[in-house]
Each structure stands twice: as C-alpha cells, then as structure tokens.
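Text of the file final.pdb, holding PDB, C-alpha atoms:
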ATOM      1  CA  MET A 170       0.000   0.000   0.000
ATOM      2  CA  MET A 171       1.117   3.557  -0.584
ATOM      3  CA  ASN A 172       2.786   5.117   2.452
ATOM      4  CA  SER A 173       2.472   2.085   4.723
ATOM      5  CA  GLY A 174       4.660  -0.354   2.747
ATOM      6  CA  GLN A 175       2.237  -3.204   3.509
ATOM      7  CA  ASN A 176       0.993  -5.675   0.932
ATOM      8  CA  LEU A 177      -2.575  -5.539  -0.278
ATOM      9  CA  ASP A 178      -4.657  -8.457   0.954
ATOM     10  CA  LEU A 179      -8.072  -8.746  -0.710
ATOM     11  CA  THR A 180      -9.270 -11.256   1.898
ATOM     12  CA  ASN A 181      -9.612  -8.288   4.249
ATOM     13  CA  TYR A 182     -12.530  -7.138   2.108
ATOM     14  CA  LYS A 183     -14.727 -10.227   2.370
ATOM     15  CA  ASN A 184     -18.468  -9.544   2.242
ATOM     16  CA  GLN A 185     -17.811  -6.121   0.767
ATOM     17  CA  VAL A 186     -18.496  -4.819  -2.693
ATOM     18  CA  LEU A 187     -15.121  -3.865  -4.050
ATOM     19  CA  LEU A 188     -14.106  -1.630  -6.901
ATOM     20  CA  ILE A 189     -10.505  -2.115  -7.995
ATOM     21  CA  ASP A 190      -9.365   0.825 -10.041
ATOM     22  CA  PHE A 191      -6.177   0.827 -12.110
ATOM     23  CA  TRP A 192      -4.878   4.344 -12.570
ATOM     24  CA  ALA A 193      -1.783   6.401 -13.344
ATOM     25  CA  THR A 194      -0.864  10.057 -13.050
ATOM     26  CA  TRP A 195      -0.124  10.280 -16.783
ATOM     27  CA  CYS A 196      -3.709   9.271 -17.587
ATOM     28  CA  PRO A 197      -6.066  12.304 -17.542
ATOM     29  CA  PRO A 198      -9.339  10.288 -17.386
ATOM     30  CA  CYS A 199      -7.942   8.410 -14.379
ATOM     31  CA  LYS A 200      -7.419  11.670 -12.549
ATOM     32  CA  GLN A 201     -10.846  12.933 -13.600
ATOM     33  CA  SER A 202     -12.485   9.838 -12.142
ATOM     34  CA  MET A 203     -10.928  10.126  -8.709
ATOM     35  CA  PRO A 204     -13.132  12.840  -7.161
ATOM     36  CA  PHE A 205     -16.224  10.952  -8.345
ATOM     37  CA  LEU A 206     -14.955   7.608  -7.047
ATOM     38  CA  ASN A 207     -14.006   9.180  -3.741
ATOM     39  CA  ALA A 208     -17.486  10.658  -3.313
ATOM     40  CA  LEU A 209     -19.106   7.371  -4.331
ATOM     41  CA  ARG A 210     -16.977   5.443  -1.858
ATOM     42  CA  ASN A 211     -17.821   7.790   0.996
ATOM     43  CA  GLU A 212     -21.528   7.698   0.131
ATOM     44  CA  PHE A 213     -21.780   3.895   0.236
ATOM     45  CA  LEU A 214     -19.058   3.096   2.750
ATOM     46  CA  ASP A 215     -21.524   2.202   5.490
ATOM     47  CA  LYS A 216     -23.349  -0.149   3.099
ATOM     48  CA  GLY A 217     -20.230  -2.207   2.561
ATOM     49  CA  PHE A 218     -18.593  -0.580  -0.443
ATOM     50  CA  GLU A 219     -14.885  -0.005  -0.749
ATOM     51  CA  ILE A 220     -12.497   1.127  -3.437
ATOM     52  CA  ILE A 221      -8.892   0.068  -3.893
ATOM     53  CA  ALA A 222      -6.879   2.012  -6.402
ATOM     54  CA  ILE A 223      -3.815   0.377  -7.907
ATOM     55  CA  ASN A 224      -1.292   2.817  -9.252
ATOM     56  CA  VAL A 225       0.763   1.676 -12.249
ATOM     57  CA  ASP A 226       3.127   4.637 -12.609
ATOM     58  CA  GLU A 227       6.717   3.668 -13.263
ATOM     59  CA  ASP A 228       7.811   5.953 -10.445
ATOM     60  CA  SER A 229       5.650   5.767  -7.325
ATOM     61  CA  GLN A 230       6.826   9.249  -6.375
ATOM     62  CA  ASP A 231       4.639  10.663  -9.179
ATOM     63  CA  ALA A 232       1.608   9.128  -7.510
ATOM     64  CA  GLN A 233       2.703  10.263  -4.057
ATOM     65  CA  SER A 234       3.047  13.851  -5.240
ATOM     66  CA  PHE A 235      -0.336  13.727  -6.974
ATOM     67  CA  LEU A 236      -2.069  12.277  -3.919
ATOM     68  CA  GLU A 237      -0.547  14.922  -1.681
ATOM     69  CA  LYS A 238      -2.200  17.571  -3.846
ATOM     70  CA  TYR A 239      -5.429  15.669  -4.467
ATOM     71  CA  PRO A 240      -5.922  13.209  -1.601
ATOM     72  CA  VAL A 241      -8.493  10.426  -1.686
ATOM     73  CA  ASP A 242     -10.055   8.572   1.228
ATOM     74  CA  TYR A 243      -9.739   5.074  -0.211
ATOM     75  CA  GLN A 244      -6.683   2.851  -0.165
ATOM     76  CA  VAL A 245      -4.125   3.292  -2.905
ATOM     77  CA  ALA A 246      -1.736   0.473  -3.666
ATOM     78  CA  TYR A 247       1.381   0.659  -5.806
ATOM     79  CA  ASP A 248       2.211  -2.176  -8.158
ATOM     80  CA  GLU A 249       5.934  -2.393  -7.557
ATOM     81  CA  ARG A 250       6.689  -5.343  -9.846
ATOM     82  CA  GLY A 251       4.288  -4.162 -12.542
ATOM     83  CA  ASP A 252       2.694  -7.558 -13.160
ATOM     84  CA  CYS A 253      -0.679  -6.881 -11.558
ATOM     85  CA  PRO A 254      -2.340  -5.242 -14.620
ATOM     86  CA  ALA A 255      -1.326  -8.191 -16.797
ATOM     87  CA  LYS A 256      -2.916 -10.613 -14.330
ATOM     88  CA  TYR A 257      -6.140  -8.608 -14.437
ATOM     89  CA  ASP A 258      -5.803  -8.298 -18.215
ATOM     90  CA  VAL A 259      -6.228  -4.537 -18.133
ATOM     91  CA  LYS A 260      -7.441  -3.347 -21.540
ATOM     92  CA  ALA A 261      -7.587   0.405 -20.988
ATOM     93  CA  MET A 262      -6.693   3.131 -18.562
ATOM     94  CA  PRO A 263      -8.437   3.581 -16.230
ATOM     95  CA  SER A 264     -10.044   0.184 -15.713
ATOM     96  CA  SER A 265     -12.462  -0.522 -12.901
ATOM     97  CA  TYR A 266     -13.170  -4.061 -11.708
ATOM     98  CA  PHE A 267     -16.397  -4.583  -9.774
ATOM     99  CA  ILE A 268     -16.204  -7.455  -7.308
ATOM    100  CA  ASP A 269     -19.283  -8.640  -5.452
ATOM    101  CA  ARG A 270     -19.642  -9.717  -1.820
ATOM    102  CA  GLN A 271     -18.793 -13.315  -2.751
ATOM    103  CA  GLY A 272     -15.501 -12.155  -4.211
ATOM    104  CA  LYS A 273     -16.530 -12.747  -7.817
ATOM    105  CA  LEU A 274     -15.597 -10.391 -10.597
ATOM    106  CA  ARG A 275     -18.905  -9.155 -11.986
ATOM    107  CA  TYR A 276     -18.162  -6.301 -14.307
ATOM    108  CA  VAL A 277     -15.279  -4.382 -15.839
ATOM    109  CA  HIS A 278     -15.598  -0.741 -16.790
ATOM    110  CA  LEU A 279     -13.051   0.546 -19.271
ATOM    111  CA  GLY A 280     -12.034   4.206 -19.402
ATOM    112  CA  PHE A 281     -13.850   7.054 -17.737
ATOM    113  CA  ARG A 282     -16.032   9.921 -18.905
ATOM    114  CA  HIS A 283     -18.347  11.962 -16.754
ATOM    115  CA  ALA A 284     -21.222  10.418 -18.704
ATOM    116  CA  ASP A 285     -20.226   7.038 -17.206
ATOM    117  CA  GLU A 286     -20.888   8.151 -13.643
ATOM    118  CA  THR A 287     -24.543   7.080 -13.644
ATOM    119  CA  GLU A 288     -23.700   3.639 -14.966
ATOM    120  CA  ILE A 289     -20.931   3.077 -12.415
ATOM    121  CA  ARG A 290     -23.194   4.209  -9.615
ATOM    122  CA  THR A 291     -25.985   1.907 -10.797
ATOM    123  CA  ARG A 292     -23.630  -1.083 -10.963
ATOM    124  CA  VAL A 293     -22.387  -0.444  -7.442
ATOM    125  CA  LEU A 294     -25.940  -0.088  -6.139
ATOM    126  CA  GLU A 295     -26.993  -3.330  -7.819
ATOM    127  CA  LEU A 296     -24.128  -5.221  -6.209
ATOM    128  CA  LEU A 297     -24.793  -3.645  -2.823
ATOM    129  CA  GLN A 298     -28.433  -4.703  -2.950
ATOM    130  CA  GLU A 299     -27.532  -8.340  -3.456
ATOM    131  CA  SER A 300     -27.781 -10.497  -0.335
ATOM    132  CA  ARG A 301     -24.669 -11.216   1.679
TER
ATOM    133  CA  MET B 138      25.421 -18.189 -60.639
ATOM    134  CA  PHE B 139      21.717 -18.195 -61.457
ATOM    135  CA  TRP B 140      21.061 -20.303 -58.425
ATOM    136  CA  ASN B 141      22.981 -17.841 -56.200
ATOM    137  CA  ILE B 142      20.934 -14.845 -57.385
ATOM    138  CA  GLN B 143      17.692 -16.705 -56.835
ATOM    139  CA  TYR B 144      18.897 -17.856 -53.453
ATOM    140  CA  SER B 145      19.902 -14.355 -52.322
ATOM    141  CA  ARG B 146      16.564 -12.922 -53.510
ATOM    142  CA  ALA B 147      14.673 -15.546 -51.575
ATOM    143  CA  SER B 148      16.760 -14.750 -48.521
ATOM    144  CA  LEU B 149      16.026 -11.057 -48.907
ATOM    145  CA  VAL B 150      12.281 -11.696 -49.195
ATOM    146  CA  LEU B 151      12.391 -13.957 -46.160
ATOM    147  CA  LEU B 152      14.317 -11.339 -44.217
ATOM    148  CA  ILE B 153      11.746  -8.628 -45.077
ATOM    149  CA  VAL B 154       8.801 -10.889 -44.197
ATOM    150  CA  PHE B 155      10.444 -11.890 -40.930
ATOM    151  CA  SER B 156      11.218  -8.235 -40.075
ATOM    152  CA  VAL B 157       7.605  -7.202 -40.723
ATOM    153  CA  LEU B 158       6.335 -10.069 -38.587
ATOM    154  CA  MET B 159       8.666  -9.056 -35.769
ATOM    155  CA  LEU B 160       7.189  -5.562 -35.768
ATOM    156  CA  GLU B 161       4.014  -7.030 -34.297
ATOM    157  CA  GLY B 162       5.930  -7.704 -31.111
ATOM    158  CA  CYS B 163       6.280  -3.974 -30.471
ATOM    159  CA  SER B 164       2.902  -3.534 -28.795
ATOM    160  CA  VAL B 165       2.762  -1.399 -25.663
ATOM    161  CA  ALA B 166       0.361  -2.443 -22.935
ATOM    162  CA  PRO B 167      -2.205   0.170 -21.795
ATOM    163  CA  TRP B 168      -0.543   0.498 -18.400
ATOM    164  CA  GLU B 169       2.927   1.000 -19.894
ATOM    165  CA  ARG B 170       2.187   4.202 -21.759
ATOM    166  CA  GLY B 171       3.586   6.586 -19.193
ATOM    167  CA  ASN B 172       6.508   7.652 -21.335
ATOM    168  CA  LEU B 173       4.389   7.822 -24.484
ATOM    169  CA  ALA B 174       1.970  10.112 -22.654
ATOM    170  CA  LYS B 175       4.648  12.704 -21.968
ATOM    171  CA  LYS B 176       4.262  16.049 -23.666
ATOM    172  CA  GLN B 177       7.592  15.790 -25.463
ATOM    173  CA  MET B 178       6.378  12.586 -27.153
ATOM    174  CA  LEU B 179       3.581  14.399 -28.993
ATOM    175  CA  ILE B 180       3.918  14.644 -32.770
ATOM    176  CA  VAL B 181       2.563  18.181 -32.464
ATOM    177  CA  PRO B 182       3.771  19.433 -29.082
ATOM    178  CA  ASN B 183       2.014  22.791 -29.371
ATOM    179  CA  PRO B 184      -1.264  22.392 -31.311
ATOM    180  CA  ASN B 185      -2.323  26.039 -31.006
ATOM    181  CA  ARG B 186       0.965  27.387 -32.340
ATOM    182  CA  THR B 187       0.962  24.815 -35.138
ATOM    183  CA  ALA B 188      -2.606  25.726 -36.114
ATOM    184  CA  LEU B 189      -1.721  29.426 -36.165
ATOM    185  CA  ARG B 190       1.368  28.855 -38.290
ATOM    186  CA  GLN B 191      -0.565  26.613 -40.648
ATOM    187  CA  HIS B 192      -3.271  29.249 -40.978
ATOM    188  CA  VAL B 193      -0.700  31.949 -41.817
ATOM    189  CA  PHE B 194       1.009  29.601 -44.251
ATOM    190  CA  ASP B 195      -2.282  28.769 -45.977
ATOM    191  CA  SER B 196      -3.116  32.447 -46.338
ATOM    192  CA  LYS B 197       0.304  33.459 -47.659
ATOM    193  CA  GLU B 198       0.590  30.604 -50.069
ATOM    194  CA  SER B 199      -3.004  30.956 -51.323
ATOM    195  CA  SER B 200      -3.401  27.322 -50.646
ATOM    196  CA  GLN B 201      -5.016  25.046 -48.233
ATOM    197  CA  GLY B 202      -5.794  21.449 -47.727
ATOM    198  CA  GLY B 203      -4.308  18.405 -46.220
ATOM    199  CA  MET B 204      -4.435  19.917 -42.756
ATOM    200  CA  GLY B 205      -8.195  20.345 -42.408
ATOM    201  CA  SER B 206      -8.030  24.074 -41.841
ATOM    202  CA  ALA B 207     -10.386  26.616 -43.382
ATOM    203  CA  GLY B 208      -9.597  29.855 -45.175
ATOM    204  CA  GLY B 209      -6.713  30.963 -47.334
ATOM    205  CA  GLY B 210      -6.131  33.166 -50.331
ATOM    206  CA  CYS B 211      -6.982  36.682 -49.296
ATOM    207  CA  GLY B 212      -5.166  36.566 -45.998
ATOM    208  CA  CYS B 213      -8.133  38.099 -44.236
ATOM    209  CA  ASN B 214      -9.524  35.117 -42.401
TER
END

Write out the structure in this file as structure tokens.
Amino acid sequence: MMNSGQNLDLTNYKNQVLLIDFWATWCPPCKQSMPFLNALRNEFLDKGFEIIAINVDEDSQDAQSFLEKYPVDYQVAYDERGDCPAKYDVKAMPSSYFIDRQGKLRYVHLGFRHADETEIRTRVLELLQESR
Amino acid sequence: MFWNIQYSRASLVLLIVFSVLMLEGCSVAPWERGNLAKKQMLIVPNPNRTALRQHVFDSKESSQGGMGSAGGGCGCN
C-alpha cells in the first residue's frame, strides 16, 4: 500500500463490494475519475462498499506527489513489480473491476467519462443490494 | 550463378517478411504508456501554435488542404 509499505490483501474485504481501479498520473481520465470515485466510496461506505486504487506509474513518487495535492479517502496500492495489470488483463486506462460480496468479478468498466458516472453508480448499487 | 541470385533474392524476401512479422511484437500495454503520454512525445507538441502557423502559411501561399483548416487566399480570415 502507498505510504504504509504493507501488501494488499483482498481477503480483508470479504463480504464487501469492491471496486478495484487501475490508474496512473499520466492518464487524464484516471485523474478525472478520482473525485467521483471518492465521493461514491464515501456515500456507500456504510453499506459495505470499498475502493482500492492500484497505481501503475513507473515511479511511485509521481503518484505520491499527486495524492498529496489531491488526496483520496480510499486505499491506494502501488504495483511495484508491474505484473498486476497483466494478471487482471487490463485493456484500458483507467479500468475498474467490480467485485461482489462473494468475491466474484462481476463487471469491468473501461475508461472514464463523466457520462459514465450514472452507470458506475448503478452497478455499485446493484451489487450492494444483493444479499450477503 | 543463377542459383545464387535466386537464393539471395529468396533470402532477402524472407528477411523482409520476418522483419515485418517481428514488428508485431512492439505492442505497448495500456498500463505501460507513461513515457508515451509525456508532452515531449507528442507529434505536435504545441497544437495552437501549429494551427496558427498553418493558418498563416495557408493564407500566404493561397493554398489550403491536407491539414483540415479553413480559409486561405486573401489573408483576411
């Protein structure tokens, strides 16, 4: 994880709806999506929604500097070895992976435009409404 | 002699085909485009300045086209 140096363990998020977001500072749509994702996360946090952002910058300092200027409330992890996006088969930047309470990947959203906000919100709500 | 020329031509063709096929291995993954996204990697680093210069050039040369810009000829637009 950024700052703490700990490894990300997805088992800590059991029974939660998870959005895993791949982003980088060189990707303008990624940066545009962050205020929206942060607000969405804070709105549904008490209903069991969490976001984990995985930064894929070559230099983690770029992400650190960006996050100091524009902080977010959710956890940001840094992919040190750079093999995480390949494992998730990331097709575009940003890419958001929606994982349900059972830990199953349910939907992948590629890219980000402000017009996508309604769809992302609807997907999250649908997953939150499913039984635990 | 004839055989040697034919042989060298075939080798050349094979080399070209192989080189073209190898170009397909140059793909860049979406998450590896940090350096490509830098400003200095743009083909047109300053689009506004380029558009202005192209507009002036079109007007002065009484010509236009190929760049998608409007105007030209009288130098008044």

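The space separating CA of Glu198 (chain B) from CA of Ile180 (chain B) comes to 23.8 Å.
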
Next on the checklist: Show me the residues close to (-8.3, 12.1, -14.1) - anything with an atom within 12 Å, counting all atoms listed in the file - and format the list as a VMD selection string.
Outcome noted: chain A and resid 191 to 206 235 to 236 239 262 to 263 280 to 283

Evaluated on this file, the PyMOL selection byres ((chain A and resi 215-224) around 6) picks out some residues - which ones are they, written as an mmCIF file with C-alpha atoms, in the coordinates of the input?
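Okay, part38.cif is ready:
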data_model
loop_
_atom_site.group_PDB
_atom_site.id
_atom_site.type_symbol
_atom_site.label_atom_id
_atom_site.label_comp_id
_atom_site.auth_asym_id
_atom_site.auth_seq_id
_atom_site.Cartn_x
_atom_site.Cartn_y
_atom_site.Cartn_z
ATOM 1 C CA GLN A 185 -17.811 -6.121 0.767
ATOM 2 C CA VAL A 186 -18.496 -4.819 -2.693
ATOM 3 C CA LEU A 187 -15.121 -3.865 -4.050
ATOM 4 C CA LEU A 188 -14.106 -1.630 -6.901
ATOM 5 C CA ILE A 189 -10.505 -2.115 -7.995
ATOM 6 C CA ASP A 190 -9.365 0.825 -10.041
ATOM 7 C CA PHE A 191 -6.177 0.827 -12.110
ATOM 8 C CA TRP A 192 -4.878 4.344 -12.570
ATOM 9 C CA ALA A 193 -1.783 6.401 -13.344
ATOM 10 C CA ARG A 210 -16.977 5.443 -1.858
ATOM 11 C CA PHE A 213 -21.780 3.895 0.236
ATOM 12 C CA LEU A 214 -19.058 3.096 2.750
ATOM 13 C CA VAL A 225 0.763 1.676 -12.249
ATOM 14 C CA ASP A 226 3.127 4.637 -12.609
ATOM 15 C CA TYR A 243 -9.739 5.074 -0.211
ATOM 16 C CA GLN A 244 -6.683 2.851 -0.165
ATOM 17 C CA VAL A 245 -4.125 3.292 -2.905
ATOM 18 C CA ALA A 246 -1.736 0.473 -3.666
ATOM 19 C CA TYR A 247 1.381 0.659 -5.806
#

Checklist outcome for this item: In terms of all atoms listed in the file, the residue from A:Asn181, A:Thr287, A:Ser264, A:Asn207 at minimal distance from chain B is A:Ser264

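From CA of Thr180 (chain A) back to CA of Glu299 (chain A), the distance works out to 19.3 Å.
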
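For the pair CA of Ser234 (chain A) and CA of Arg250 (chain A), the interatomic distance is 20.1 Å.
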
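On the file presented, the PyMOL selection byres ((chain B) within 8 of (chain A)) picks out Ala166, Pro167, Trp168, Glu169, Gly171, Ala174 and Lys175 of chain B.
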
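Near Lys183 (chain A), within a cut-off of 8 Å and counting all atoms listed in the file, sit the residues Leu179, Thr180, Arg270, Gln271 and Gly272 of chain A, with same-chain residues fewer than 3 positions away left out.
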